[in-house]
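For reference, input22.cif is printed below; it contains mmCIF, C-alpha atoms and all ligand atoms.
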```
data_upload
loop_
_atom_site.label_atom_id
_atom_site.label_comp_id
_atom_site.auth_asym_id
_atom_site.auth_seq_id
_atom_site.Cartn_x
_atom_site.Cartn_y
_atom_site.Cartn_z
CA MET A 396 -21.60 112.72 -143.21
CA TYR A 397 -21.14 113.52 -139.52
CA CYS A 398 -18.92 111.95 -136.85
CA LEU A 399 -19.52 112.18 -133.11
CA ALA A 400 -16.14 111.87 -131.40
CA ILE A 401 -15.38 111.41 -127.70
CA GLU A 402 -12.06 111.95 -125.90
CA THR A 403 -11.55 110.94 -122.26
CA SER A 404 -7.90 109.82 -122.14
CA CYS A 405 -6.86 112.02 -119.21
CA ASP A 406 -8.71 114.68 -117.22
CA ASP A 407 -10.87 116.50 -119.80
CA THR A 408 -14.23 115.11 -120.93
CA CYS A 409 -14.52 116.11 -124.60
CA ALA A 410 -17.09 115.54 -127.35
CA SER A 411 -17.27 116.98 -130.84
CA VAL A 412 -19.26 116.75 -134.04
CA VAL A 413 -17.20 117.10 -137.24
CA SER A 414 -18.29 116.78 -140.85
CA GLU A 415 -16.69 114.67 -143.55
CA LYS A 416 -15.44 117.91 -145.17
CA GLY A 417 -13.41 118.65 -142.04
CA GLU A 418 -15.72 121.28 -140.50
CA VAL A 419 -15.71 121.33 -136.69
CA LEU A 420 -19.41 121.89 -135.83
CA SER A 421 -18.89 121.65 -132.07
CA ASN A 422 -15.90 121.05 -129.80
CA VAL A 423 -17.00 120.77 -126.15
CA ILE A 424 -14.34 120.45 -123.45
CA SER A 425 -15.35 119.94 -119.82
CA SER A 426 -12.21 120.60 -117.79
CA GLN A 427 -11.49 118.96 -114.42
CA ASN A 428 -8.65 121.37 -113.57
CA GLU A 429 -10.29 122.48 -110.32
CA THR A 430 -10.58 118.88 -109.08
CA HIS A 431 -6.92 118.08 -109.71
CA ALA A 432 -5.33 121.45 -108.80
CA LYS A 433 -5.14 120.59 -105.10
CA PHE A 434 -3.10 117.46 -105.90
CA GLY A 435 -0.63 119.28 -108.21
CA GLY A 436 -1.45 116.84 -111.05
CA VAL A 437 -4.12 114.45 -112.30
CA PHE A 438 -5.59 112.11 -109.66
CA PRO A 439 -6.53 109.14 -111.90
CA GLU A 440 -9.44 107.68 -109.92
CA LEU A 441 -11.12 111.09 -109.51
CA ALA A 442 -10.65 111.75 -113.24
CA ALA A 443 -12.36 108.44 -114.06
CA ARG A 444 -15.32 109.20 -111.77
CA GLU A 445 -15.82 112.69 -113.25
CA HIS A 446 -15.81 111.28 -116.80
CA VAL A 447 -18.70 108.99 -115.80
CA GLN A 448 -20.65 112.02 -114.53
CA ASN A 449 -19.76 114.35 -117.39
CA CYS A 450 -19.77 112.14 -120.47
CA VAL A 451 -23.50 112.11 -121.29
CA PRO A 452 -24.07 115.89 -120.67
CA VAL A 453 -20.99 116.71 -122.76
CA ILE A 454 -22.21 114.49 -125.64
CA HIS A 455 -25.64 116.20 -125.49
CA GLU A 456 -23.98 119.62 -125.55
CA ALA A 457 -21.83 118.67 -128.56
CA LEU A 458 -24.89 117.44 -130.52
CA ASN A 459 -26.94 120.52 -129.54
CA LYS A 460 -24.19 123.03 -130.40
CA ALA A 461 -23.67 121.33 -133.77
CA ASN A 462 -27.44 121.21 -134.30
CA VAL A 463 -27.13 117.59 -135.47
CA PRO A 464 -29.48 115.01 -133.88
CA LEU A 465 -28.07 111.64 -132.81
CA GLU A 466 -29.92 109.87 -135.66
CA LYS A 467 -27.97 111.94 -138.20
CA ILE A 468 -24.56 110.77 -136.93
CA ASP A 469 -22.93 108.39 -139.44
CA LEU A 470 -19.79 107.45 -137.52
CA PHE A 471 -18.87 107.22 -133.83
CA ALA A 472 -15.26 107.50 -132.64
CA ALA A 473 -13.39 107.61 -129.35
CA THR A 474 -9.84 107.62 -128.05
CA MET A 475 -8.74 104.03 -127.35
CA GLY A 476 -5.28 104.91 -125.92
CA PRO A 477 -2.77 105.78 -124.72
CA GLY A 478 -4.04 107.34 -121.49
CA LEU A 479 -5.45 106.54 -118.06
CA ILE A 480 -7.21 103.20 -118.41
CA ASN A 481 -10.29 103.95 -116.30
CA SER A 482 -10.72 107.31 -118.03
CA LEU A 483 -10.39 105.78 -121.51
CA LEU A 484 -13.02 103.13 -120.77
CA THR A 485 -15.81 105.70 -120.28
CA GLY A 486 -15.36 107.46 -123.63
CA LEU A 487 -14.68 104.27 -125.55
CA GLY A 488 -17.65 102.44 -123.99
CA SER A 489 -19.95 105.40 -124.68
CA ALA A 490 -18.96 105.58 -128.37
CA LYS A 491 -19.40 101.82 -128.78
CA ALA A 492 -22.81 101.85 -127.08
CA LEU A 493 -24.05 104.75 -129.23
CA ALA A 494 -22.75 103.17 -132.45
CA TYR A 495 -24.31 99.80 -131.56
CA SER A 496 -27.66 101.34 -130.70
CA GLN A 497 -27.72 103.46 -133.86
CA LYS A 498 -26.42 100.57 -136.04
CA LYS A 499 -23.54 102.74 -137.25
CA PRO A 500 -19.76 102.07 -137.48
CA PHE A 501 -17.41 102.73 -134.59
CA LEU A 502 -13.71 103.61 -134.62
CA GLY A 503 -11.09 103.52 -131.85
CA ILE A 504 -8.47 106.25 -132.36
CA ASN A 505 -4.89 106.67 -131.10
CA HIS A 506 -4.65 109.87 -129.03
CA ILE A 507 -1.10 110.74 -130.11
CA GLU A 508 -1.79 110.24 -133.80
CA ALA A 509 -4.85 112.49 -133.38
CA HIS A 510 -2.74 115.26 -131.75
CA LEU A 511 -0.67 115.45 -134.96
CA TYR A 512 -3.55 115.19 -137.41
CA PRO A 513 -4.89 118.81 -137.53
CA ALA A 514 -1.44 120.18 -138.46
CA LEU A 515 -0.71 117.25 -140.77
CA LEU A 516 -3.95 117.93 -142.63
CA GLU A 517 -2.60 121.42 -143.40
CA SER A 518 0.91 120.31 -144.28
CA LYS A 519 0.36 117.21 -146.46
CA ILE A 520 4.11 117.21 -147.23
CA PHE A 521 6.03 113.97 -146.68
CA PRO A 522 8.29 112.94 -145.13
CA SER A 523 7.73 115.30 -142.22
CA LEU A 524 8.83 115.32 -138.62
CA GLY A 525 6.00 115.05 -136.09
CA VAL A 526 6.73 116.84 -132.80
CA ILE A 527 4.31 116.01 -129.99
CA LEU A 528 4.76 118.11 -126.84
CA SER A 529 2.04 117.54 -124.25
CA GLY A 530 1.40 116.88 -120.59
CA GLY A 531 1.81 113.14 -121.10
CA HIS A 532 4.15 112.83 -124.09
CA THR A 533 7.29 114.20 -125.70
CA ILE A 534 7.78 112.38 -128.99
CA LEU A 535 9.60 112.85 -132.28
CA VAL A 536 8.22 110.73 -135.11
CA LEU A 537 9.03 110.48 -138.80
CA ILE A 538 5.79 110.74 -140.81
CA GLU A 539 6.22 108.98 -144.14
CA ASP A 540 2.56 109.33 -145.17
CA PHE A 541 -0.88 109.57 -143.55
CA GLY A 542 -0.91 106.69 -141.06
CA LYS A 543 2.72 105.70 -141.73
CA TYR A 544 5.03 106.54 -138.85
CA ARG A 545 8.52 105.68 -137.64
CA HIS A 546 9.21 106.41 -134.00
CA ILE A 547 12.41 108.47 -133.53
CA SER A 548 12.52 109.29 -129.83
CA SER A 549 10.56 109.97 -126.64
CA THR A 550 11.24 111.16 -123.12
CA ILE A 551 12.83 108.72 -120.70
CA ASP A 552 11.24 110.44 -117.68
CA ASP A 553 8.94 113.50 -117.43
CA ALA A 554 6.99 114.75 -120.43
CA ILE A 555 7.75 118.38 -121.26
CA GLY A 556 4.25 119.57 -120.21
CA GLU A 557 4.61 117.67 -116.95
CA ALA A 558 7.92 119.52 -116.33
CA PHE A 559 6.16 122.85 -117.04
CA ASP A 560 3.39 121.89 -114.59
CA LYS A 561 5.84 120.81 -111.88
CA VAL A 562 7.98 123.94 -112.23
CA ALA A 563 4.80 126.05 -112.09
CA CYS A 564 3.91 124.23 -108.86
CA LEU A 565 7.41 125.00 -107.44
CA LEU A 566 6.80 128.67 -108.24
CA GLY A 567 3.42 128.57 -106.48
CA TYR A 568 0.96 128.19 -109.38
CA PRO A 569 -1.84 125.60 -109.56
CA TYR A 570 -1.99 122.69 -112.03
CA PRO A 571 -1.83 122.94 -115.04
CA GLY A 572 0.73 125.74 -114.98
CA GLY A 573 2.26 125.69 -118.50
CA ALA A 574 0.51 128.86 -119.67
CA LYS A 575 1.41 130.58 -116.35
CA ILE A 576 5.10 129.81 -116.93
CA GLU A 577 4.87 131.33 -120.41
CA ALA A 578 3.26 134.51 -119.03
CA LEU A 579 5.72 134.81 -116.13
CA ALA A 580 8.71 134.16 -118.43
CA LYS A 581 7.81 137.27 -120.45
CA LYS A 582 8.86 139.36 -117.42
CA GLY A 583 12.11 137.46 -116.78
CA ASP A 584 15.62 137.02 -118.22
CA PRO A 585 15.97 133.69 -120.10
CA GLN A 586 19.75 133.79 -119.57
CA ALA A 587 19.58 134.47 -115.82
CA TYR A 588 20.33 130.83 -114.95
CA PRO A 589 22.34 128.42 -117.15
CA PHE A 590 19.73 125.60 -117.11
CA LYS A 591 20.00 122.85 -119.73
CA GLY A 592 17.79 120.01 -121.01
CA GLY A 593 18.97 116.47 -120.24
CA LYS A 594 21.11 114.32 -122.52
CA VAL A 595 20.39 110.61 -122.97
CA LYS A 596 23.55 108.59 -123.67
CA SER A 597 21.86 105.75 -125.54
CA ASN A 598 19.94 108.06 -127.93
CA PRO A 599 21.00 111.69 -128.57
CA LEU A 600 17.49 112.39 -129.87
CA ALA A 601 15.72 111.22 -126.69
CA PHE A 602 14.50 113.64 -124.02
CA SER A 603 14.95 113.90 -120.26
CA PHE A 604 13.41 116.74 -118.26
CA SER A 605 13.65 115.52 -114.66
CA GLY A 606 17.19 116.95 -114.15
CA LEU A 607 16.11 120.35 -115.49
CA LYS A 608 13.16 120.35 -113.08
CA THR A 609 15.47 119.52 -110.15
CA ALA A 610 17.91 122.27 -111.22
CA VAL A 611 15.04 124.78 -110.98
CA LEU A 612 14.17 123.44 -107.50
CA TYR A 613 17.78 123.82 -106.23
CA GLN A 614 18.08 127.32 -107.73
CA LYS A 615 14.76 128.31 -106.17
CA GLN A 616 16.04 127.25 -102.74
CA LYS A 617 19.02 129.63 -103.10
CA THR A 618 16.97 132.68 -104.12
CA ASP A 619 14.10 134.86 -102.95
CA LEU A 620 11.16 133.65 -105.02
CA LYS A 621 9.45 137.06 -104.87
CA GLN A 622 12.24 138.41 -107.06
CA SER A 623 13.55 135.35 -108.90
CA ALA A 624 10.29 133.72 -110.14
CA PRO A 625 10.21 135.44 -113.58
CA ASP A 626 13.92 134.66 -114.19
CA LEU A 627 13.44 131.03 -113.07
CA ALA A 628 10.43 130.66 -115.40
CA ALA A 629 12.19 132.32 -118.35
CA SER A 630 15.42 130.34 -117.92
CA PHE A 631 13.55 127.04 -117.49
CA GLN A 632 11.39 127.71 -120.55
CA ARG A 633 14.43 128.67 -122.66
CA ALA A 634 16.31 125.51 -121.61
CA ALA A 635 13.34 123.21 -122.30
CA PHE A 636 12.61 124.68 -125.74
CA GLU A 637 16.27 124.97 -126.78
CA ASP A 638 16.57 121.27 -125.98
CA VAL A 639 13.56 120.44 -128.18
CA CYS A 640 14.92 122.61 -131.02
CA GLU A 641 18.38 121.02 -130.75
CA LYS A 642 16.82 117.55 -131.13
CA ILE A 643 14.66 118.72 -134.04
CA SER A 644 17.85 120.10 -135.70
CA LEU A 645 19.60 116.78 -135.27
CA SER A 646 16.58 114.93 -136.73
CA LEU A 647 16.64 117.29 -139.75
CA LYS A 648 20.28 116.32 -140.30
CA ASN A 649 19.59 112.59 -139.97
CA HIS A 650 16.40 112.33 -142.05
CA PRO A 651 15.17 113.85 -145.35
CA ILE A 652 12.46 115.92 -143.62
CA LYS A 653 10.43 118.42 -145.69
CA SER A 654 8.22 119.95 -143.00
CA LEU A 655 7.63 120.10 -139.26
CA VAL A 656 4.21 119.14 -137.90
CA PHE A 657 3.36 119.95 -134.27
CA GLY A 658 0.75 118.74 -131.79
CA GLY A 659 -0.05 118.78 -128.05
CA GLY A 660 -0.91 121.42 -125.46
CA VAL A 661 2.64 122.78 -125.08
CA VAL A 662 2.97 123.80 -128.76
CA GLN A 663 0.47 126.64 -128.13
CA ASN A 664 3.36 128.41 -126.42
CA GLN A 665 4.08 131.51 -128.55
CA THR A 666 7.69 131.78 -127.37
CA PHE A 667 8.24 128.23 -128.67
CA GLN A 668 6.55 128.97 -131.99
CA LYS A 669 8.74 132.06 -132.47
CA MET A 670 11.89 130.12 -131.52
CA CYS A 671 11.04 127.47 -134.14
CA SER A 672 10.49 130.12 -136.85
CA ARG A 673 13.88 131.63 -135.98
CA LYS A 674 15.76 128.32 -135.83
CA PHE A 675 14.17 126.62 -138.85
CA PRO A 676 13.60 129.44 -141.37
CA LYS A 677 13.82 127.14 -144.40
CA THR A 678 11.47 124.39 -143.19
CA PRO A 679 7.66 124.81 -143.45
CA LEU A 680 6.20 124.74 -139.91
CA HIS A 681 2.63 123.59 -139.20
CA PHE A 682 1.10 124.29 -135.80
CA PRO A 683 -2.48 123.25 -134.97
CA PRO A 684 -5.02 126.01 -134.27
CA SER A 685 -5.05 126.74 -130.53
CA LYS A 686 -8.46 125.05 -129.99
CA LEU A 687 -7.10 121.82 -131.45
CA SER A 688 -3.75 121.83 -129.58
CA SER A 689 -4.75 120.67 -126.11
CA ASP A 690 -6.87 117.59 -125.55
CA ASN A 691 -10.09 117.83 -127.58
CA ALA A 692 -12.45 115.49 -129.40
CA ALA A 693 -12.46 117.33 -132.75
CA MET A 694 -8.97 115.96 -133.53
CA ILE A 695 -10.36 112.45 -132.82
CA GLY A 696 -13.29 112.99 -135.22
CA LEU A 697 -11.13 114.46 -138.00
CA LEU A 698 -8.72 111.50 -137.85
CA ALA A 699 -11.65 109.06 -137.65
CA PHE A 700 -12.97 110.30 -141.00
CA SER A 701 -9.58 109.85 -142.63
CA LYS A 702 -9.47 106.22 -141.35
CA TRP A 703 -13.10 105.65 -142.33
CA LYS A 704 -12.34 106.73 -145.92
CA LYS A 705 -9.90 103.83 -146.03
CA LYS A 706 -12.81 101.61 -144.96
CA LYS A 707 -11.42 100.97 -141.52
CA ALA A 708 -13.97 100.38 -138.78
CA SER A 709 -13.13 98.87 -135.39
CA PRO A 710 -14.70 95.73 -133.95
CA PHE A 711 -17.04 96.24 -130.99
CA ASP A 712 -14.79 94.09 -128.77
CA LEU A 713 -11.91 96.57 -129.19
CA THR A 714 -10.45 97.34 -125.76
CA ALA A 715 -8.79 100.47 -124.40
CA SER A 716 -5.03 100.35 -123.96
CA SER A 717 -3.19 102.65 -121.55
CA ARG A 718 0.14 102.17 -123.33
CA LEU A 719 -0.96 101.90 -126.93
CA PRO A 720 2.23 102.25 -129.01
CA PHE A 721 2.14 105.11 -131.49
CA PHE A 722 3.50 103.12 -134.43
CA LEU A 723 0.69 100.57 -134.09
CA CYS A 724 -1.97 103.11 -135.06
CA GLU A 725 -2.86 101.40 -138.31
O1 LIG B 1 -2.16 118.03 -124.96
P1 LIG B 1 -2.58 118.33 -123.57
O2 LIG B 1 -3.88 119.07 -123.37
O3 LIG B 1 -2.73 117.06 -122.69
C1 LIG B 1 -2.02 115.88 -122.84
O4 LIG B 1 -2.30 115.11 -123.78
O5 LIG B 1 -1.15 115.70 -121.99
O6 LIG B 1 -1.40 119.17 -122.90
C2 LIG B 1 -1.52 119.73 -121.65
C3 LIG B 1 -0.17 120.32 -121.26
C4 LIG B 1 -0.10 120.73 -119.80
O7 LIG B 1 1.08 120.20 -119.23
C5 LIG B 1 -0.06 122.25 -119.87
O8 LIG B 1 0.62 122.86 -118.78
C6 LIG B 1 0.68 122.47 -121.17
O9 LIG B 1 0.11 121.50 -122.04
N1 LIG B 1 0.51 123.83 -121.72
C7 LIG B 1 1.53 124.68 -121.93
C8 LIG B 1 0.96 125.88 -122.41
N2 LIG B 1 -0.40 125.71 -122.49
C9 LIG B 1 -0.65 124.44 -122.07
N3 LIG B 1 2.85 124.54 -121.76
C10 LIG B 1 3.65 125.59 -122.06
N4 LIG B 1 3.17 126.77 -122.53
C11 LIG B 1 1.84 126.96 -122.73
N5 LIG B 1 1.39 128.12 -123.19
ZN ZN B 2 -3.18 114.84 -125.27
#
```
If you convert what's in this file into structure tokens, what do you get?
Ligand code: KG4
Ligand code: ZN
Amino acid sequence: MYCLAIETSCDDTCASVVSEKGEVLSNVISSQNETHAKFGGVFPELAAREHVQNCVPVIHEALNKANVPLEKIDLFAATMGPGLINSLLTGLGSAKALAYSQKKPFLGINHIEAHLYPALLESKIFPSLGVILSGGHTILVLIEDFGKYRHISSTIDDAIGEAFDKVACLLGYPYPGGAKIEALAKKGDPQAYPFKGGKVKSNPLAFSFSGLKTAVLYQKQKTDLKQSAPDLAASFQRAAFEDVCEKISLSLKNHPIKSLVFGGGVVQNQTFQKMCSRKFPKTPLHFPPSKLSSDNAAMIGLLAFSKWKKKKASPFDLTASSRLPFFLCE
């Protein structure tokens, strides 16, 4: 069986064909980075318009690369939320229309649950701690089984990837600047500035990155950026990841967690992966392959098959939801 999956929750138009056995036959990502770079972040209305232009060509490319004709697709899936509402509608509407025309089932998928799924598929150990670090989300979740989640904490302001992007912008790099910060940090001293992640009084496991971002801005104003940029990047990155690791540690103390499962664009960061291996030597760590870390449609298709095996199809009047809560995935 084959699934055609579509992901348009933010600024990338993605389509993928995956097989029931979990093979990724194609994973097409049409990036809009150039469009949004001049605004320093995603401009929602422009993202929505580009999805309308790109969606059909990207679907064609995914089918062609997989060498699977539309008639051979058994299941259609798309991200239903969370995300930018006008972006979500294009992918979701396209999947519904294709499924309806082909008389095949359709499934709406939660983007955050899908980010965790590739690593979870490898781990299969429960309970595990899901750690989602992306441009839109910073979430810790207790995974009791496939599809069974208990929310632990989130960010109260910026997502960690958003903080990376904004700091990159302060240092003169275009959006999205996370990978640039990682590269620049390799040349700097992580202890040069005593930056720290934010504490949230009401929940010690919750995240706050806006103060850290402002601390980098104030420090930048006191220094000559030509010399200080690598140190600023390295110190910011250390502070952000130490904060994440501290909150993972605390979760390990509070819950009977047997493995750590990661998802989201930021977890590609090699410095973070090494820090986790150092700090949690006794806990199995599962990172997604790089191609399935950032937004992509293969993760949507893989999760769709797991839901489909439990005989779950979505009704055609399912609507997109920009704030779809993670724990309501089932
Ligand atoms: O998961 P993703 O593609 O999109 C969302 O669902 O938000 O994550 C994109 C985020 C961006 O903020 C980008 O700067 C960040 O992931 N990112 C990184 C790295 N590569 C991508 N952040 C830190 N280090 C990296 N190597
Ligand atoms: Zn994402």
Distance query segment 468-480 of chain A at most 6 Å, all atoms listed in the file, self and fewer than 5 positions along chain excluded, as a count of residues only: 24
Near-Gly435 of chain A list (8 Å; all atoms listed in the file; drop same-chain fewer than 4 positions) as a VMD selection string: chain A and resid 431 560 to 561 564 569 to 571
Atom CA of Asp540 of chain A to atom CA of Lys648 of chain A, straight-line distance in Å: 19.7 Å
Contact residues around Gln665 of chain A with all atoms listed in the file at 9 Å, ignoring same-chain residues under 4 positions, as a ChimeraX atom specification: /A:577,669-670
Selected residue of minimal separation from Pro676 of chain A among A:Asn462, A:Met694, A:Ser644, A:Phe590, counting all atoms listed in the file: A:Ser644
What residues have any atom no more than 7 Å from ligand ZN 2 (chain B) when counting all atoms listed in the file, and can you list them as a compact mmCIF listing (two decimals) with C-alpha atoms, in the frame of the given file?
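The result, stored in pocket_38.txt:
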```
# COMPACT_ATOMS: atom_id res chain seq x y z
CA HIS A 506 -4.65 109.87 -129.03
CA ILE A 507 -1.10 110.74 -130.11
CA HIS A 510 -2.74 115.26 -131.75
CA SER A 529 2.04 117.54 -124.25
CA GLY A 530 1.40 116.88 -120.59
CA GLY A 531 1.81 113.14 -121.10
CA GLY A 659 -0.05 118.78 -128.05
CA GLY A 660 -0.91 121.42 -125.46
CA SER A 689 -4.75 120.67 -126.11
CA ASP A 690 -6.87 117.59 -125.55
```
Straight-line distance linking atom CA of Asn598 of chain A with atom CA of Leu655 of chain A, stated in Å to one decimal: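 About the pair atom CA of Asn598 of chain A and atom CA of Leu655 of chain A: they are 20.6 Å apart.
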Surrounding residues of segment 436-448 of chain A excluding itself and chain neighbours under 4 positions, 7 Å, all atoms listed in the file, as JSON, numbers by chain: {"A": [403, 406, 408, 431, 432, 479, 481, 482, 485, 570]}
Selection from above, C-alpha atoms, as a PDB file, keeping the file's coordinate frame, can you write it?
```pdb
ATOM      1  CA  THR A 403     -11.550 110.940-122.260  1.00  0.00           C
ATOM      2  CA  ASP A 406      -8.710 114.680-117.220  1.00  0.00           C
ATOM      3  CA  THR A 408     -14.230 115.110-120.930  1.00  0.00           C
ATOM      4  CA  HIS A 431      -6.920 118.080-109.710  1.00  0.00           C
ATOM      5  CA  ALA A 432      -5.330 121.450-108.800  1.00  0.00           C
ATOM      6  CA  LEU A 479      -5.450 106.540-118.060  1.00  0.00           C
ATOM      7  CA  ASN A 481     -10.290 103.950-116.300  1.00  0.00           C
ATOM      8  CA  SER A 482     -10.720 107.310-118.030  1.00  0.00           C
ATOM      9  CA  THR A 485     -15.810 105.700-120.280  1.00  0.00           C
ATOM     10  CA  TYR A 570      -1.990 122.690-112.030  1.00  0.00           C
TER      11      TYR A 570
END
```
Pick from A:Ala514, A:Leu607, A:Leu627, A:Ala554, whichever lies nearest to Ala587 of chain A using all atoms listed in the file: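 Using all atoms listed in the file, Ala587 of chain A sits closest to A:Leu627.
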Selection: 12 Å around Thr666 of chain A, only C-alpha atoms, excl. self and same-chain fewer than 4 positions, as a ChimeraX atom specification: /A:574,576-581,585,629,632-633,635-637,661-662,670-673
Those same residues, written as a PDB file, keeping the file's coordinate frame with C-alpha atoms?
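Wrote selection.pdb, looks like this:
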```pdb
ATOM      1  CA  ALA A 574       0.510 128.860-119.670  1.00  0.00           C
ATOM      2  CA  ILE A 576       5.100 129.810-116.930  1.00  0.00           C
ATOM      3  CA  GLU A 577       4.870 131.330-120.410  1.00  0.00           C
ATOM      4  CA  ALA A 578       3.260 134.510-119.030  1.00  0.00           C
ATOM      5  CA  LEU A 579       5.720 134.810-116.130  1.00  0.00           C
ATOM      6  CA  ALA A 580       8.710 134.160-118.430  1.00  0.00           C
ATOM      7  CA  LYS A 581       7.810 137.270-120.450  1.00  0.00           C
ATOM      8  CA  PRO A 585      15.970 133.690-120.100  1.00  0.00           C
ATOM      9  CA  ALA A 629      12.190 132.320-118.350  1.00  0.00           C
ATOM     10  CA  GLN A 632      11.390 127.710-120.550  1.00  0.00           C
ATOM     11  CA  ARG A 633      14.430 128.670-122.660  1.00  0.00           C
ATOM     12  CA  ALA A 635      13.340 123.210-122.300  1.00  0.00           C
ATOM     13  CA  PHE A 636      12.610 124.680-125.740  1.00  0.00           C
ATOM     14  CA  GLU A 637      16.270 124.970-126.780  1.00  0.00           C
ATOM     15  CA  VAL A 661       2.640 122.780-125.080  1.00  0.00           C
ATOM     16  CA  VAL A 662       2.970 123.800-128.760  1.00  0.00           C
ATOM     17  CA  MET A 670      11.890 130.120-131.520  1.00  0.00           C
ATOM     18  CA  CYS A 671      11.040 127.470-134.140  1.00  0.00           C
ATOM     19  CA  SER A 672      10.490 130.120-136.850  1.00  0.00           C
ATOM     20  CA  ARG A 673      13.880 131.630-135.980  1.00  0.00           C
TER      21      ARG A 673
END
```
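Candidate residues A:Thr609, A:Gln668, A:Gln622, A:Asn459 were compared for distance to ligand LIG 1 (chain B), and the nearest is A:Gln668, using all atoms listed in the file.
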